[in-house]
Structures are given as structure tokens and as C-alpha cells.
$ cat protein_27.cif   # mmCIF, C-alpha atoms
data_input
loop_
_atom_site.label_atom_id
_atom_site.label_comp_id
_atom_site.auth_asym_id
_atom_site.auth_seq_id
_atom_site.Cartn_x
_atom_site.Cartn_y
_atom_site.Cartn_z
CA MET A 142 -64.25 -68.44 -17.18
CA PRO A 143 -67.11 -66.80 -19.03
CA ASP A 144 -64.99 -65.99 -22.07
CA VAL A 145 -62.13 -67.73 -23.86
CA ARG A 146 -60.14 -64.47 -23.76
CA ASP A 147 -60.53 -64.38 -19.96
CA ALA A 148 -59.34 -67.99 -19.80
CA LEU A 149 -56.20 -67.07 -21.72
CA MET A 150 -55.46 -64.32 -19.21
CA VAL A 151 -55.08 -66.83 -16.35
CA ALA A 152 -51.67 -68.24 -15.51
CA LYS A 153 -49.79 -69.97 -12.72
CA ASN A 154 -47.39 -67.91 -10.63
CA THR A 155 -44.09 -69.25 -9.25
CA GLU A 156 -45.90 -70.79 -6.27
CA GLY A 157 -48.19 -72.68 -8.61
CA ARG A 158 -51.26 -70.64 -7.73
CA LEU A 159 -53.64 -69.57 -10.47
CA VAL A 160 -53.46 -65.80 -10.99
CA ARG A 161 -55.01 -63.37 -13.40
CA ARG A 162 -52.36 -62.04 -15.78
CA PRO A 163 -51.88 -58.28 -15.32
CA LEU A 164 -52.73 -55.98 -18.20
CA SER A 165 -50.72 -53.03 -19.46
CA PRO A 166 -49.75 -50.61 -17.91
CA PHE A 167 -49.62 -52.62 -14.67
CA MET A 168 -45.90 -52.12 -14.01
CA LEU A 169 -45.94 -48.32 -13.89
CA GLY A 170 -44.92 -47.02 -10.51
CA SER A 171 -44.11 -50.39 -8.95
CA ALA A 172 -41.71 -52.56 -10.91
CA TYR A 173 -40.84 -50.20 -13.68
CA ARG A 174 -38.14 -47.53 -13.77
CA PHE A 175 -38.83 -44.75 -16.22
CA GLN A 176 -36.12 -44.09 -18.78
CA LEU A 177 -35.79 -41.65 -21.67
CA THR A 178 -37.06 -44.09 -24.31
CA SER A 179 -40.23 -45.12 -22.52
CA SER A 180 -40.95 -41.62 -21.20
CA LEU A 181 -40.77 -40.17 -24.71
CA SER A 182 -42.93 -43.03 -26.00
CA ILE A 183 -45.74 -42.38 -23.51
CA LEU A 184 -45.33 -38.63 -24.09
CA ASN A 185 -46.01 -39.25 -27.78
CA ARG A 186 -49.42 -40.68 -26.84
CA ILE A 187 -50.16 -37.95 -24.29
CA THR A 188 -49.34 -35.17 -26.77
CA GLY A 189 -51.35 -37.00 -29.45
CA VAL A 190 -54.41 -37.00 -27.19
CA ALA A 191 -53.77 -33.33 -26.28
CA VAL A 192 -53.61 -32.30 -29.95
CA SER A 193 -56.78 -34.31 -30.57
CA VAL A 194 -58.59 -32.21 -27.96
CA GLY A 195 -57.18 -29.14 -29.74
CA THR A 196 -59.00 -30.11 -32.94
CA ILE A 197 -62.20 -29.01 -31.18
CA VAL A 198 -60.92 -25.43 -31.17
CA LEU A 199 -59.70 -25.78 -34.78
CA THR A 200 -63.25 -26.84 -35.69
CA TRP A 201 -64.76 -23.98 -33.69
CA TRP A 202 -62.44 -21.51 -35.47
CA LEU A 203 -63.27 -22.80 -38.99
CA VAL A 204 -67.02 -23.06 -38.34
CA ALA A 205 -67.04 -19.51 -36.93
CA ALA A 206 -65.11 -18.20 -39.94
CA ALA A 207 -67.76 -19.77 -42.18
CA THR A 208 -70.65 -18.47 -40.06
CA SER A 209 -70.41 -14.71 -39.36
CA PRO A 210 -68.05 -11.90 -38.29
CA ALA A 211 -69.68 -11.92 -34.85
CA ALA A 212 -69.06 -15.65 -34.37
CA TYR A 213 -65.47 -15.16 -35.55
CA ASP A 214 -64.95 -12.33 -33.06
CA THR A 215 -66.10 -14.65 -30.26
CA VAL A 216 -63.42 -17.25 -31.16
CA SER A 217 -60.74 -14.59 -31.60
CA GLY A 218 -61.67 -13.12 -28.23
CA PHE A 219 -61.43 -16.50 -26.56
CA LEU A 220 -58.08 -17.33 -28.19
CA ARG A 221 -56.71 -13.94 -27.11
CA SER A 222 -57.80 -14.35 -23.50
CA TRP A 223 -55.17 -15.66 -21.07
CA ILE A 224 -56.83 -19.08 -20.94
CA GLY A 225 -56.99 -19.21 -24.74
CA LEU A 226 -53.32 -18.27 -25.06
CA LEU A 227 -52.39 -20.83 -22.40
CA LEU A 228 -54.30 -23.55 -24.29
CA LEU A 229 -52.69 -22.50 -27.59
CA PHE A 230 -49.27 -22.60 -25.96
CA GLY A 231 -49.89 -26.10 -24.62
CA TRP A 232 -51.24 -27.32 -27.93
CA SER A 233 -48.36 -25.80 -29.90
CA ALA A 234 -45.81 -27.52 -27.63
CA SER A 235 -47.72 -30.82 -27.90
CA LEU A 236 -47.98 -30.47 -31.68
CA PHE A 237 -44.25 -29.77 -32.08
CA TYR A 238 -43.35 -32.71 -29.88
CA HIS A 239 -45.73 -35.07 -31.70
CA LEU A 240 -44.49 -33.80 -35.08
CA LEU A 241 -40.79 -34.20 -34.26
CA ASN A 242 -41.22 -37.53 -32.48
CA GLY A 243 -43.44 -38.67 -35.36
CA ILE A 244 -40.57 -38.02 -37.76
CA ARG A 245 -38.36 -40.03 -35.38
CA HIS A 246 -40.88 -42.88 -35.56
CA LEU A 247 -40.99 -42.69 -39.37
CA ALA A 248 -37.18 -43.00 -39.44
CA TRP A 249 -37.45 -46.13 -37.27
CA ASP A 250 -40.10 -47.50 -39.65
CA GLY A 251 -37.49 -47.06 -42.37
CA GLY A 252 -34.99 -49.00 -40.26
CA ILE A 253 -32.90 -45.92 -39.44
CA GLY A 254 -31.50 -45.05 -35.98
CA PHE A 255 -32.19 -48.23 -34.04
CA ASP A 256 -28.94 -48.37 -32.01
CA LEU A 257 -29.44 -47.39 -28.38
CA PRO A 258 -26.98 -44.43 -28.49
CA GLU A 259 -28.76 -43.17 -31.62
CA VAL A 260 -32.17 -43.63 -29.97
CA HIS A 261 -31.02 -41.55 -27.01
CA ARG A 262 -29.50 -38.90 -29.26
CA SER A 263 -32.65 -38.60 -31.40
CA GLY A 264 -34.75 -38.57 -28.23
CA TRP A 265 -32.88 -35.61 -26.77
CA ALA A 266 -32.95 -33.93 -30.17
CA VAL A 267 -36.75 -34.20 -30.13
CA VAL A 268 -36.97 -32.76 -26.60
CA ILE A 269 -34.62 -29.86 -27.39
CA GLY A 270 -36.25 -29.32 -30.79
CA THR A 271 -39.68 -29.09 -29.16
CA VAL A 272 -38.52 -26.44 -26.68
CA VAL A 273 -36.64 -24.45 -29.36
CA LEU A 274 -39.52 -24.56 -31.88
CA THR A 275 -42.15 -23.66 -29.29
CA VAL A 276 -40.16 -20.73 -27.90
CA LEU A 277 -39.15 -19.56 -31.40
CA VAL A 278 -42.67 -19.69 -32.83
CA TRP A 279 -44.12 -17.78 -29.85
CA ALA A 280 -41.26 -15.29 -29.75
CA ILE A 281 -41.76 -14.48 -33.46
CA GLY A 282 -45.53 -14.44 -32.98
CA LEU A 283 -45.46 -12.08 -30.02
CA THR A 284 -42.93 -9.63 -31.51
CA VAL A 285 -44.08 -9.54 -35.15
CA LEU A 286 -47.81 -9.45 -34.46
CA MET B 211 -19.93 -68.67 -42.52
CA SER B 212 -20.76 -71.90 -44.32
CA GLU B 213 -21.52 -73.59 -41.01
CA THR B 214 -24.15 -71.12 -39.91
CA THR B 215 -25.63 -70.92 -43.37
CA LYS B 216 -25.79 -74.69 -43.45
CA GLY B 217 -27.37 -74.82 -40.01
CA ARG B 218 -29.91 -72.27 -41.02
CA ARG B 219 -30.70 -74.12 -44.20
CA ASP B 220 -31.51 -77.24 -42.24
CA LEU B 221 -34.13 -75.35 -40.23
CA ARG B 222 -36.92 -75.41 -42.75
CA ILE B 223 -40.56 -75.11 -41.91
CA GLU B 224 -42.89 -76.53 -44.51
CA MET B 225 -46.22 -74.78 -44.57
CA MET B 226 -49.28 -75.74 -46.54
CA ARG B 227 -50.59 -72.15 -46.45
CA SER B 228 -49.62 -69.42 -48.86
CA GLN B 229 -48.18 -66.10 -47.58
CA LEU B 230 -51.30 -64.35 -48.83
CA GLY B 231 -53.52 -66.80 -47.00
CA ARG B 232 -51.59 -66.15 -43.80
CA VAL B 233 -51.91 -62.41 -43.93
CA ARG B 234 -55.40 -62.00 -45.33
CA GLY B 235 -57.95 -61.25 -42.67
CA LEU B 236 -55.65 -62.28 -39.84
CA GLY B 237 -53.86 -60.54 -37.02
CA ALA B 238 -55.35 -59.57 -33.69
CA ALA B 239 -57.52 -56.89 -35.25
CA ARG B 240 -58.37 -59.08 -38.28
CA ALA B 241 -57.29 -56.20 -40.49
CA GLY B 242 -53.72 -57.05 -41.46
CA VAL B 243 -51.47 -54.01 -41.61
CA SER B 244 -54.05 -51.55 -42.98
CA HIS B 245 -54.42 -49.61 -39.70
CA TRP B 246 -50.66 -49.35 -39.19
CA TRP B 247 -50.11 -48.38 -42.81
CA ALA B 248 -52.84 -45.71 -42.82
CA GLU B 249 -51.31 -44.21 -39.67
CA ARG B 250 -47.90 -43.91 -41.43
CA VAL B 251 -49.32 -42.50 -44.69
CA THR B 252 -51.37 -39.84 -42.87
CA SER B 253 -48.38 -38.94 -40.68
CA ILE B 254 -46.14 -38.45 -43.71
CA ALA B 255 -48.78 -36.18 -45.26
CA LEU B 256 -49.17 -34.27 -42.00
CA VAL B 257 -45.49 -33.27 -41.78
CA PRO B 258 -45.57 -30.66 -44.60
CA LEU B 259 -49.26 -29.83 -44.04
CA THR B 260 -48.70 -29.00 -40.36
CA VAL B 261 -45.66 -26.83 -41.16
CA TRP B 262 -47.71 -24.99 -43.80
CA PHE B 263 -50.61 -24.48 -41.37
CA ILE B 264 -48.38 -23.15 -38.57
CA LEU B 265 -46.81 -20.66 -41.01
CA SER B 266 -50.30 -19.68 -42.21
CA ILE B 267 -51.39 -18.88 -38.65
CA TYR B 268 -48.83 -16.02 -38.68
CA ARG B 269 -50.67 -14.59 -41.65
CA LEU B 270 -54.11 -15.15 -40.16
CA ALA B 271 -53.52 -13.97 -36.59
CA GLY B 272 -55.25 -10.69 -35.98
CA LEU B 273 -57.25 -10.73 -39.21
CA SER B 274 -60.98 -10.10 -39.20
CA GLN B 275 -63.51 -12.64 -40.49
CA PRO B 276 -63.80 -11.17 -44.04
CA ASP B 277 -60.00 -11.28 -44.43
CA VAL B 278 -59.83 -14.87 -43.16
CA ALA B 279 -62.70 -15.80 -45.50
CA HIS B 280 -60.84 -14.19 -48.38
CA TRP B 281 -57.68 -16.14 -47.51
CA ALA B 282 -59.58 -19.44 -47.31
CA ALA B 283 -61.34 -18.71 -50.60
CA SER B 284 -58.09 -19.13 -52.53
CA PRO B 285 -58.24 -22.58 -54.20
CA LEU B 286 -54.69 -23.38 -53.10
CA HIS B 287 -55.42 -22.59 -49.44
CA ALA B 288 -58.76 -24.41 -49.57
CA VAL B 289 -57.22 -27.55 -51.06
CA LEU B 290 -54.38 -27.59 -48.52
CA LEU B 291 -56.87 -26.98 -45.69
CA ILE B 292 -59.01 -29.90 -46.91
CA CYS B 293 -55.93 -32.16 -47.11
CA LEU B 294 -54.93 -31.07 -43.60
CA ILE B 295 -58.44 -31.76 -42.26
CA LEU B 296 -58.72 -35.22 -43.88
CA ALA B 297 -55.25 -36.33 -42.75
CA THR B 298 -55.63 -34.85 -39.25
CA PHE B 299 -58.98 -36.42 -38.39
CA HIS B 300 -58.12 -39.77 -39.98
CA HIS B 301 -54.78 -39.87 -38.12
CA MET B 302 -56.49 -38.75 -34.90
CA GLN B 303 -59.11 -41.49 -35.11
CA LEU B 304 -56.47 -44.17 -35.79
CA GLY B 305 -54.25 -42.98 -32.94
CA LEU B 306 -56.99 -42.59 -30.33
CA GLN B 307 -58.27 -46.05 -31.31
CA VAL B 308 -54.90 -47.60 -30.37
CA VAL B 309 -54.77 -45.70 -27.08
CA ILE B 310 -58.27 -46.91 -26.15
CA GLU B 311 -57.56 -50.50 -27.24
CA ASP B 312 -54.37 -50.53 -25.15
CA TYR B 313 -55.64 -49.01 -21.91
CA VAL B 314 -59.39 -49.63 -21.67
CA HIS B 315 -60.00 -53.27 -20.77
CA THR B 316 -63.71 -53.28 -19.94
CA GLU B 317 -65.44 -54.54 -23.06
CA ALA B 318 -68.51 -52.28 -22.87
CA THR B 319 -66.51 -49.12 -22.07
CA ARG B 320 -63.96 -49.86 -24.77
CA PHE B 321 -66.60 -50.47 -27.41
CA SER B 322 -68.51 -47.31 -26.45
CA LEU B 323 -65.34 -45.19 -26.43
CA LEU B 324 -64.22 -46.52 -29.82
CA LEU B 325 -67.59 -45.65 -31.33
CA ALA B 326 -67.60 -42.23 -29.63
CA VAL B 327 -64.11 -41.40 -30.95
CA LYS B 328 -65.08 -42.49 -34.44
CA ALA B 329 -68.26 -40.40 -34.31
CA ALA B 330 -66.43 -37.35 -32.91
CA SER B 331 -63.69 -37.61 -35.56
CA ILE B 332 -66.23 -37.80 -38.38
CA LEU B 333 -68.44 -35.00 -36.99
CA LEU B 334 -65.55 -32.60 -36.28
CA GLY B 335 -63.87 -33.44 -39.58
CA LEU B 336 -67.06 -32.87 -41.56
CA ALA B 337 -67.75 -29.60 -39.71
CA CYS B 338 -64.27 -28.38 -40.71
CA LEU B 339 -64.68 -29.63 -44.26
CA VAL B 340 -68.09 -28.04 -44.82
CA SER B 341 -66.81 -24.76 -43.34
CA VAL B 342 -63.84 -24.67 -45.72
CA LEU B 343 -66.09 -25.51 -48.68
CA LYS B 344 -68.52 -22.78 -47.63
CA LEU B 345 -65.67 -20.26 -47.46
CA ALA B 346 -64.15 -21.42 -50.74
CA LEU B 347 -67.21 -21.84 -52.95
#
$ encode --input "protein_27.cif" --output "C-alpha cells"
Amino acid sequence: MPDVRDALMVAKNTEGRLVRRPLSPFMLGSAYRFQLTSSLSILNRITGVAVSVGTIVLTWWLVAAATSPAAYDTVSGFLRSWIGLLLLFGWSASLFYHLLNGIRHLAWDGGIGFDLPEVHRSGWAVVIGTVVLTVLVWAIGLTVL
Amino acid sequence: MSETTKGRRDLRIEMMRSQLGRVRGLGAARAGVSHWWAERVTSIALVPLTVWFILSIYRLAGLSQPDVAHWAASPLHAVLLICLILATFHHMQLGLQVVIEDYVHTEATRFSLLLAVKAASILLGLACLVSVLKLAL
């Protein structure tokens, strides 16, 4: 073993053979059945990464606003195009999910809602809340503006 | 009740190290709970800031650059924008760091990605910050 950390990742299997310990997320797809709790957990990371990518457009928008009317028109034009609207829709859904599930995580950090029935209830509340907020915000946006 | 309490009382572990000594500089990341704590503090700040920003987008949608600049020039809006930017990019860096540490196992790739995410967070965050300051000042 070239490294002590590699040495620690070696173990004996039930037949007594030396095997390399698998690293996360090795069980996905083979030995692991997805359930609401774990699906929502991984979705929290996926939406977090998606919103992170969205910060590039937030930066573009602010930099353009501070640069010139022409630069600002370019961003507005992009955000109004079908691809821009599609990206905004995806980011808004991701943001609402991450926001609501983040509040769920903060409650857990405070020791609230740890029972499995409560975890399932709050999980569905986050899913429904995300759909409702996303649809509501876009419905208001598209009718009022 | 007294039985379990008694049994528990018998299980005593004597340690020669103080609690502070145990926690200081230890843990897998050698950083104690600072990363975890910073993630929570920024997330708490981001709850009202995100709601405010989404509501502000209603006001800003369809406006031209001078109107947006005028909106951002208000000290209240500028301060809230700066808070949003600081919390967002700090939270983003902390979160992406955990994702990379969990899923990227090749040492060189992981190290490069962690540095790249840190650099991108700082560069994007500063670009936003300087833009807001330019609009506000």
C-alpha cells in the first residue's frame, strides 16, 4: 500500500480474501433501493449544484447592469429567449426545493421532526411546496408582467 | 429506573484529555465544526434574503438598465444584495466542497476541483460585489 489511507481501505470479505473497501456511492443501482428519504437527500445536493451553476447568470446579470445599457439588453434578451426561460424555470424549481428542504434540515439540526412518519410528512410537504411555489411564482410572473 | 441509572453510572471512562483538547484541531477535516456551523449560519441568513430577492425580481423584470441601476442604488437594496451575495457564495463554496469530498476519490482531481470551486466562488462573488458597489456608489 503506497499510502496509509489506502491501507485502511482494505478489508477481508466473508471468504477471507483481501478486498478493497467500496467507496460511496457504490451501492446505488445494485444493492440499494431508493426511498423517499434518500431520494430527497440526494436531490438536495443535485439542486444545490444546479443553483450554484445559476449563480453564473446572476453574476452576468449584475455585471451587465453595472456595465452599460447595451450589455444589460444582451442579458435580458438571453433570459427572455426560450432557453433562458427554461433555465430560469429549472433554477427557480431547484432554488425552491433547496430552500424548503434546507428549512427541513435546519429543523432537524434543532432536533425537531426526527420520527420516521414526521420525516415522510415533511418530505412530501417539501415536494408539494416546491411544485406549488414554482407554479405560483411563474403564474404570477407571467400574468402580472 | 435506579437500576439503569446505576448501571450507567458504573460505566465511566476516565480520560486524561480535556474536552477542549479533544475538539481543537481534530476531526477528519482538522477543522472541528466550523465548516458545518458556517453552512448553517449562511443557510439561516439565506432564507429571508432569498425570499426578498425573488420578490424583487417581480419589480425588476422588464425594467431597463437605468431603472435597474436606480433600484440597486438605494442603500437598503444595495446592502441586502451584498448580504445575499456574501451568504450565497460562501454557502455555495461550502456545499460544493462537501459534494466533491464525498464523490471524488482521486486525490489529484479532488484537490484541483476543490481549488477550482474556491476560485470560482471568490471570482463570481467579487464580480457581483463590485457590480453592486459600482451601481450603489
$ resolve_selection --input "protein_27.cif" --expression "the PyMOL selection byres ((chain B) within 10 of (chain A))" --output "PyMOL selection string"
chain B and resi 250-251+253-254+256-257+260-261+264-265+267-269+271-279+282+295+298-299+301-303+305-306+308-309+312-315+330-331+333-346
$ atom_distance --input "protein_27.cif" --atom1 "CA of His239 (chain A)" --atom2 "CA of Asn185 (chain A)"
5.7 Å
$ residues_around --input "protein_27.cif" --residues "Phe263 (chain B)" --least-positions-apart "4" --cutoff "9 Å" --atoms "all atoms listed in the file" --output "list of chain:residue names"
B:Pro258, B:Leu259, B:Ile267, B:Leu290, B:Leu291, B:Leu294
$ atom_distance --input "protein_27.cif" --atom1 "CA of Gly231 (chain A)" --atom2 "CA of Val276 (chain A)"
11.6 Å
$ closest_residue --input "protein_27.cif" --among "B:Ala248, B:Ala318, B:Leu270, B:Val243" --to "His300 (chain B)" --atoms "only C-alpha atoms"
B:Ala248
$ atom_distance --input "protein_27.cif" --atom1 "CA of Thr215 (chain A)" --atom2 "CA of Ser235 (chain A)"
24.6 Å
$ closest_residue --input "protein_27.cif" --among "B:Val327, B:Ile310, B:Leu304, B:Thr316" --to "Ser244 (chain B)" --atoms "only C-alpha atoms"
B:Leu304
$ residues_around --input "protein_27.cif" --residues "Leu159 (chain A)" --least-positions-apart "4" --cutoff "12 Å" --atoms "only C-alpha atoms" --output "list in words"
Ala148, Leu149, Met150, Val151, Ala152, Lys153, Asn154 and Thr155 of chain A
$ closest_residue --input "protein_27.cif" --among "B:Glu317, B:Thr252, B:Gln307, B:Ile292" --to "Ala329 (chain B)" --atoms "all atoms listed in the file"
B:Gln307
$ build_atoms --input "protein_27.cif" --residues "region 218-254 of chain A" --atoms "N, CA and C atoms" --output "mmCIF file, in the coordinates of the input"
data_model
loop_
_atom_site.group_PDB
_atom_site.id
_atom_site.type_symbol
_atom_site.label_atom_id
_atom_site.label_comp_id
_atom_site.auth_asym_id
_atom_site.auth_seq_id
_atom_site.Cartn_x
_atom_site.Cartn_y
_atom_site.Cartn_z
ATOM 1 N N GLY A 218 -61.695 -13.621 -29.598
ATOM 2 C CA GLY A 218 -61.670 -13.120 -28.230
ATOM 3 C C GLY A 218 -61.228 -14.193 -27.264
ATOM 4 N N PHE A 219 -61.794 -15.392 -27.444
ATOM 5 C CA PHE A 219 -61.430 -16.500 -26.560
ATOM 6 C C PHE A 219 -59.948 -16.849 -26.706
ATOM 7 N N LEU A 220 -59.473 -16.933 -27.968
ATOM 8 C CA LEU A 220 -58.080 -17.330 -28.190
ATOM 9 C C LEU A 220 -57.095 -16.278 -27.710
ATOM 10 N N ARG A 221 -57.569 -15.009 -27.603
ATOM 11 C CA ARG A 221 -56.710 -13.940 -27.110
ATOM 12 C C ARG A 221 -56.744 -13.795 -25.596
ATOM 13 N N SER A 222 -57.736 -14.421 -24.969
ATOM 14 C CA SER A 222 -57.800 -14.350 -23.500
ATOM 15 C C SER A 222 -56.637 -15.158 -22.927
ATOM 16 N N TRP A 223 -56.334 -14.976 -21.640
ATOM 17 C CA TRP A 223 -55.170 -15.660 -21.070
ATOM 18 C C TRP A 223 -55.356 -17.163 -21.102
ATOM 19 N N ILE A 224 -56.609 -17.631 -20.914
ATOM 20 C CA ILE A 224 -56.830 -19.080 -20.940
ATOM 21 C C ILE A 224 -56.683 -19.619 -22.369
ATOM 22 N N GLY A 225 -57.139 -18.810 -23.339
ATOM 23 C CA GLY A 225 -56.990 -19.210 -24.740
ATOM 24 C C GLY A 225 -55.527 -19.295 -25.139
ATOM 25 N N LEU A 226 -54.755 -18.276 -24.729
ATOM 26 C CA LEU A 226 -53.320 -18.270 -25.060
ATOM 27 C C LEU A 226 -52.593 -19.428 -24.382
ATOM 28 N N LEU A 227 -53.006 -19.720 -23.133
ATOM 29 C CA LEU A 227 -52.390 -20.830 -22.400
ATOM 30 C C LEU A 227 -52.669 -22.152 -23.119
ATOM 31 N N LEU A 228 -53.935 -22.329 -23.561
ATOM 32 C CA LEU A 228 -54.300 -23.550 -24.290
ATOM 33 C C LEU A 228 -53.509 -23.640 -25.596
ATOM 34 N N LEU A 229 -53.438 -22.507 -26.320
ATOM 35 C CA LEU A 229 -52.690 -22.500 -27.590
ATOM 36 C C LEU A 229 -51.225 -22.836 -27.375
ATOM 37 N N PHE A 230 -50.671 -22.307 -26.259
ATOM 38 C CA PHE A 230 -49.270 -22.600 -25.960
ATOM 39 C C PHE A 230 -49.077 -24.093 -25.719
ATOM 40 N N GLY A 231 -49.959 -24.669 -24.910
ATOM 41 C CA GLY A 231 -49.890 -26.100 -24.620
ATOM 42 C C GLY A 231 -50.040 -26.940 -25.874
ATOM 43 N N TRP A 232 -51.009 -26.553 -26.707
ATOM 44 C CA TRP A 232 -51.240 -27.320 -27.930
ATOM 45 C C TRP A 232 -50.082 -27.182 -28.906
ATOM 46 N N SER A 233 -49.480 -25.966 -28.972
ATOM 47 C CA SER A 233 -48.360 -25.800 -29.900
ATOM 48 C C SER A 233 -47.174 -26.661 -29.445
ATOM 49 N N ALA A 234 -46.904 -26.692 -28.133
ATOM 50 C CA ALA A 234 -45.810 -27.520 -27.630
ATOM 51 C C ALA A 234 -46.095 -28.998 -27.902
ATOM 52 N N SER A 235 -47.340 -29.421 -27.643
ATOM 53 C CA SER A 235 -47.720 -30.820 -27.900
ATOM 54 C C SER A 235 -47.572 -31.158 -29.377
ATOM 55 N N LEU A 236 -48.033 -30.227 -30.228
ATOM 56 C CA LEU A 236 -47.980 -30.470 -31.680
ATOM 57 C C LEU A 236 -46.542 -30.593 -32.156
ATOM 58 N N PHE A 237 -45.655 -29.703 -31.655
ATOM 59 C CA PHE A 237 -44.250 -29.770 -32.080
ATOM 60 C C PHE A 237 -43.607 -31.059 -31.603
ATOM 61 N N TYR A 238 -43.920 -31.457 -30.371
ATOM 62 C CA TYR A 238 -43.350 -32.710 -29.880
ATOM 63 C C TYR A 238 -43.830 -33.886 -30.729
ATOM 64 N N HIS A 239 -45.138 -33.945 -30.955
ATOM 65 C CA HIS A 239 -45.730 -35.070 -31.700
ATOM 66 C C HIS A 239 -45.207 -35.098 -33.141
ATOM 67 N N LEU A 240 -45.021 -33.910 -33.709
ATOM 68 C CA LEU A 240 -44.490 -33.800 -35.080
ATOM 69 C C LEU A 240 -43.060 -34.309 -35.149
ATOM 70 N N LEU A 241 -42.205 -33.799 -34.239
ATOM 71 C CA LEU A 241 -40.790 -34.200 -34.260
ATOM 72 C C LEU A 241 -40.622 -35.674 -33.906
ATOM 73 N N ASN A 242 -41.340 -36.122 -32.865
ATOM 74 C CA ASN A 242 -41.220 -37.530 -32.480
ATOM 75 C C ASN A 242 -41.835 -38.436 -33.553
ATOM 76 N N GLY A 243 -42.844 -37.908 -34.257
ATOM 77 C CA GLY A 243 -43.440 -38.670 -35.360
ATOM 78 C C GLY A 243 -42.426 -38.901 -36.468
ATOM 79 N N ILE A 244 -41.627 -37.873 -36.753
ATOM 80 C CA ILE A 244 -40.570 -38.020 -37.760
ATOM 81 C C ILE A 244 -39.558 -39.058 -37.293
ATOM 82 N N ARG A 245 -39.262 -39.044 -35.960
ATOM 83 C CA ARG A 245 -38.360 -40.030 -35.380
ATOM 84 C C ARG A 245 -38.925 -41.454 -35.580
ATOM 85 N N HIS A 246 -40.231 -41.581 -35.357
ATOM 86 C CA HIS A 246 -40.880 -42.880 -35.560
ATOM 87 C C HIS A 246 -40.829 -43.310 -37.025
ATOM 88 N N LEU A 247 -41.029 -42.362 -37.929
ATOM 89 C CA LEU A 247 -40.990 -42.690 -39.370
ATOM 90 C C LEU A 247 -39.595 -43.169 -39.758
ATOM 91 N N ALA A 248 -38.559 -42.556 -39.159
ATOM 92 C CA ALA A 248 -37.180 -43.000 -39.440
ATOM 93 C C ALA A 248 -37.005 -44.449 -38.978
ATOM 94 N N TRP A 249 -37.533 -44.746 -37.770
ATOM 95 C CA TRP A 249 -37.450 -46.130 -37.270
ATOM 96 C C TRP A 249 -38.174 -47.075 -38.218
ATOM 97 N N ASP A 250 -39.345 -46.648 -38.721
ATOM 98 C CA ASP A 250 -40.100 -47.500 -39.650
ATOM 99 C C ASP A 250 -39.264 -47.801 -40.890
ATOM 100 N N GLY A 251 -38.376 -46.851 -41.238
ATOM 101 C CA GLY A 251 -37.490 -47.060 -42.370
ATOM 102 C C GLY A 251 -36.212 -47.792 -41.979
ATOM 103 N N GLY A 252 -36.136 -48.231 -40.732
ATOM 104 C CA GLY A 252 -34.990 -49.000 -40.260
ATOM 105 C C GLY A 252 -33.787 -48.147 -39.909
ATOM 106 N N ILE A 253 -34.022 -46.833 -39.717
ATOM 107 C CA ILE A 253 -32.900 -45.920 -39.440
ATOM 108 C C ILE A 253 -32.888 -45.566 -37.951
ATOM 109 N N GLY A 254 -31.676 -45.565 -37.343
ATOM 110 C CA GLY A 254 -31.500 -45.050 -35.980
ATOM 111 C C GLY A 254 -31.951 -45.971 -34.873
#
